[in-house]
Amino acid sequence: DYQIRNIDPLIQASSQVMRLLAEKSGSDVVLGTIYADRIITVSHAFGEENLKISYVRGKRMPLFRGALSKCVLSTLSKPQLRKVMTDNAGEFDGQVAETIQDALKEIRKKGYCITFSELNQGVVGIAIPYQNKAHQINASLGFIVSEKRYSLMEAGKAVAELQHCAEEIDFALKYYV
């Protein structure tokens, strides 16, 4: 874990900007990516809420539950997504492939996903898809907040803050060639 955190360019490029966003917003900021066919939170900057969440850094997440996972899947090409879905058909809780693909298309169109209590009761996920083709990264960046905090937030502003953070990560990744 220590070596990965100190070698992985995505983690290196994102850790400081995520920490600053968590401090500024008071919300947990998470970064998830896909390794083989597993979606994993690779970085987590903690906010003020001290939320009890099930999927901590390094733990495999459900493939199609939660804003972070859905946004990661939305970055995949059709062949990549088809392979993930075929190899993990049991994880999609009886959802039809076309329904899943339509939902991911909607995420790509809107540029974000918001979920309510999909992974933890009373917890809201707000995430954006994140790609960096130069580094072959398919990922997602998001906030994890309580329903109470979410009710006080402007979703559009939260998405804009995540997009700005993603731009800063892109800039930092230029130094990891």
# chains A, B, ... in the order shown; residues from 1 in each chain; ligands from 1
>>> select_by_dssp(residues="segment 20-167 of chain A", states="strand (DSSP E)", output="MDAnalysis selection string")
chainID A and resid 28:35 38:45 60:61 113:116 123:132 137:146
>>> write_last_selection(atoms="N, CA and C atoms", output="CSV table (one decimal), in the first residue's frame")
chain,number,residue,atom,x,y,z
A,28,ASP,N,-15.8,14.8,2.4
A,28,ASP,CA,-14.9,13.8,2.0
A,28,ASP,C,-14.8,13.8,0.5
A,29,VAL,N,-13.6,13.7,0.0
A,29,VAL,CA,-13.3,13.6,-1.5
A,29,VAL,C,-12.6,12.3,-1.8
A,30,VAL,N,-13.2,11.6,-2.8
A,30,VAL,CA,-12.7,10.3,-3.1
A,30,VAL,C,-12.3,10.2,-4.6
A,31,LEU,N,-11.4,9.3,-4.8
A,31,LEU,CA,-11.0,9.0,-6.2
A,31,LEU,C,-11.0,7.5,-6.4
A,32,GLY,N,-11.8,7.1,-7.4
A,32,GLY,CA,-11.9,5.6,-7.7
A,32,GLY,C,-11.4,5.3,-9.1
A,33,THR,N,-10.9,4.1,-9.3
A,33,THR,CA,-10.5,3.7,-10.6
A,33,THR,C,-10.7,2.3,-10.8
A,34,ILE,N,-10.5,1.8,-12.0
A,34,ILE,CA,-10.7,0.4,-12.3
A,34,ILE,C,-9.4,-0.3,-12.5
A,35,TYR,N,-9.2,-1.4,-11.8
A,35,TYR,CA,-8.0,-2.3,-12.0
A,35,TYR,C,-8.6,-3.6,-12.4
A,38,ARG,N,-12.1,-4.6,-11.3
A,38,ARG,CA,-12.5,-4.2,-9.9
A,38,ARG,C,-12.4,-2.7,-9.8
A,39,ILE,N,-13.4,-2.1,-9.2
A,39,ILE,CA,-13.4,-0.7,-9.0
A,39,ILE,C,-13.0,-0.5,-7.5
A,40,ILE,N,-12.0,0.4,-7.3
A,40,ILE,CA,-11.4,0.5,-6.0
A,40,ILE,C,-11.2,2.0,-5.7
A,41,THR,N,-11.5,2.4,-4.5
A,41,THR,CA,-11.2,3.8,-4.1
A,41,THR,C,-9.7,3.8,-3.8
A,42,VAL,N,-8.9,4.6,-4.6
A,42,VAL,CA,-7.5,4.6,-4.5
A,42,VAL,C,-7.0,5.8,-3.6
A,43,SER,N,-7.8,6.8,-3.4
A,43,SER,CA,-7.4,7.9,-2.6
A,43,SER,C,-8.7,8.5,-1.9
A,44,HIS,N,-8.5,8.9,-0.6
A,44,HIS,CA,-9.6,9.5,0.2
A,44,HIS,C,-9.1,10.6,1.0
A,45,ALA,N,-9.6,11.8,0.8
A,45,ALA,CA,-9.3,12.9,1.6
A,45,ALA,C,-10.5,13.2,2.5
A,60,ARG,N,-12.6,-3.3,-2.6
A,60,ARG,CA,-13.4,-3.4,-3.9
A,60,ARG,C,-14.8,-2.9,-3.7
A,61,MET,N,-15.3,-2.1,-4.6
A,61,MET,CA,-16.6,-1.6,-4.6
A,61,MET,C,-17.6,-2.4,-5.5
A,113,CYS,N,-22.9,12.2,-11.6
A,113,CYS,CA,-23.9,11.2,-11.1
A,113,CYS,C,-24.1,11.5,-9.6
A,114,ILE,N,-25.3,11.5,-9.2
A,114,ILE,CA,-25.6,11.7,-7.8
A,114,ILE,C,-26.4,10.5,-7.3
A,115,THR,N,-26.0,9.8,-6.2
A,115,THR,CA,-26.7,8.7,-5.7
A,115,THR,C,-27.0,8.9,-4.2
A,116,PHE,N,-28.1,8.3,-3.8
A,116,PHE,CA,-28.6,8.5,-2.4
A,116,PHE,C,-28.7,7.1,-1.7
A,123,VAL,N,-26.1,8.4,3.2
A,123,VAL,CA,-24.9,9.0,2.6
A,123,VAL,C,-25.2,9.2,1.1
A,124,VAL,N,-24.8,10.4,0.6
A,124,VAL,CA,-25.0,10.8,-0.8
A,124,VAL,C,-23.6,10.8,-1.5
A,125,GLY,N,-23.6,10.3,-2.7
A,125,GLY,CA,-22.4,10.3,-3.5
A,125,GLY,C,-22.6,11.3,-4.7
A,126,ILE,N,-21.7,12.2,-4.9
A,126,ILE,CA,-21.7,13.1,-6.0
A,126,ILE,C,-20.4,12.9,-6.7
A,127,ALA,N,-20.4,12.4,-8.0
A,127,ALA,CA,-19.2,12.1,-8.7
A,127,ALA,C,-19.2,12.5,-10.1
A,128,ILE,N,-18.0,12.7,-10.7
A,128,ILE,CA,-17.8,13.0,-12.1
A,128,ILE,C,-16.9,11.9,-12.7
A,129,PRO,N,-17.1,11.6,-14.0
A,129,PRO,CA,-16.2,10.7,-14.6
A,129,PRO,C,-14.8,11.5,-14.8
A,130,TYR,N,-13.7,10.7,-14.8
A,130,TYR,CA,-12.4,11.4,-15.0
A,130,TYR,C,-11.6,10.4,-15.9
A,131,GLN,N,-11.1,11.0,-17.0
A,131,GLN,CA,-10.2,10.3,-17.9
A,131,GLN,C,-9.0,11.1,-18.2
A,132,ASN,N,-7.9,10.3,-18.3
A,132,ASN,CA,-6.6,10.9,-18.8
A,132,ASN,C,-6.1,9.9,-19.8
A,137,ILE,N,-5.9,6.4,-18.0
A,137,ILE,CA,-6.7,6.4,-16.7
A,137,ILE,C,-8.2,6.5,-17.0
A,138,ASN,N,-8.9,5.6,-16.4
A,138,ASN,CA,-10.4,5.7,-16.3
A,138,ASN,C,-10.7,5.7,-14.9
A,139,ALA,N,-11.3,6.8,-14.4
A,139,ALA,CA,-11.5,7.0,-13.0
A,139,ALA,C,-12.7,7.8,-12.7
A,140,SER,N,-12.9,8.2,-11.5
A,140,SER,CA,-14.0,9.0,-11.0
A,140,SER,C,-13.5,9.8,-9.8
A,141,LEU,N,-14.0,11.0,-9.7
A,141,LEU,CA,-13.7,11.8,-8.6
A,141,LEU,C,-15.0,12.3,-7.9
A,142,GLY,N,-15.1,12.2,-6.6
A,142,GLY,CA,-16.4,12.5,-6.0
A,142,GLY,C,-16.3,13.0,-4.6
A,143,PHE,N,-17.5,13.5,-4.2
A,143,PHE,CA,-17.8,13.9,-2.8
A,143,PHE,C,-18.6,12.8,-2.1
A,144,ILE,N,-18.3,12.5,-0.9
A,144,ILE,CA,-19.2,11.7,-0.1
A,144,ILE,C,-19.7,12.6,1.1
A,145,VAL,N,-21.0,12.7,1.2
A,145,VAL,CA,-21.6,13.6,2.2
A,145,VAL,C,-22.8,13.0,2.8
A,146,SER,N,-23.1,13.5,4.0
A,146,SER,CA,-24.4,13.1,4.6
A,146,SER,C,-25.6,13.7,3.9
>>> select_by_dssp(residues="segment 117-154 of chain A", states="alpha helix (DSSP H)", output="list in words")
Glu147, Lys148, Arg149, Tyr150, Ser151 and Leu152 of chain A
>>> residues_around(residues="Asn88 of chain A", least_positions_apart="3", cutoff="12 Å", atoms="only C-alpha atoms", output="number ranges by chain")
A: 36-39, 62-64, 81-85, 91-94, 97
>>> write_last_selection(atoms="C-alpha atoms", output="mmCIF file, in the first residue's frame")
data_model
loop_
_atom_site.group_PDB
_atom_site.id
_atom_site.type_symbol
_atom_site.label_atom_id
_atom_site.label_comp_id
_atom_site.auth_asym_id
_atom_site.auth_seq_id
_atom_site.Cartn_x
_atom_site.Cartn_y
_atom_site.Cartn_z
ATOM 1 C CA ALA A 36 -8.802 -5.301 -14.223
ATOM 2 C CA ASP A 37 -12.540 -5.539 -13.484
ATOM 3 C CA ARG A 38 -12.468 -4.180 -9.940
ATOM 4 C CA ILE A 39 -13.447 -0.660 -8.964
ATOM 5 C CA PRO A 62 -19.838 -2.911 -6.163
ATOM 6 C CA LEU A 63 -19.693 -2.394 -9.914
ATOM 7 C CA PHE A 64 -23.013 -0.661 -10.432
ATOM 8 C CA LEU A 81 -17.704 -2.257 -20.606
ATOM 9 C CA ARG A 82 -19.036 -5.361 -22.365
ATOM 10 C CA LYS A 83 -16.159 -7.416 -20.941
ATOM 11 C CA VAL A 84 -16.696 -6.091 -17.407
ATOM 12 C CA MET A 85 -20.419 -6.811 -17.636
ATOM 13 C CA GLU A 91 -23.060 -8.194 -9.747
ATOM 14 C CA PHE A 92 -25.659 -6.323 -11.734
ATOM 15 C CA ASP A 93 -28.609 -7.467 -9.595
ATOM 16 C CA GLY A 94 -30.734 -8.569 -12.535
ATOM 17 C CA ALA A 97 -27.420 -4.626 -20.007
#
>>> closest_residue(among="A:Asp87, A:Pro79, A:Lys70, A:Ser25", to="Asp102 of chain A", atoms="only C-alpha atoms")
A:Lys70
>>> atom_distance(atom1="atom CA of Arg19 of chain A", atom2="atom CA of Gly47 of chain A")
8.6 Å
>>> closest_residue(among="A:Ser54, A:Ser14, A:Ser117, A:Val72", to="Cys165 of chain A", atoms="only C-alpha atoms")
A:Ser14
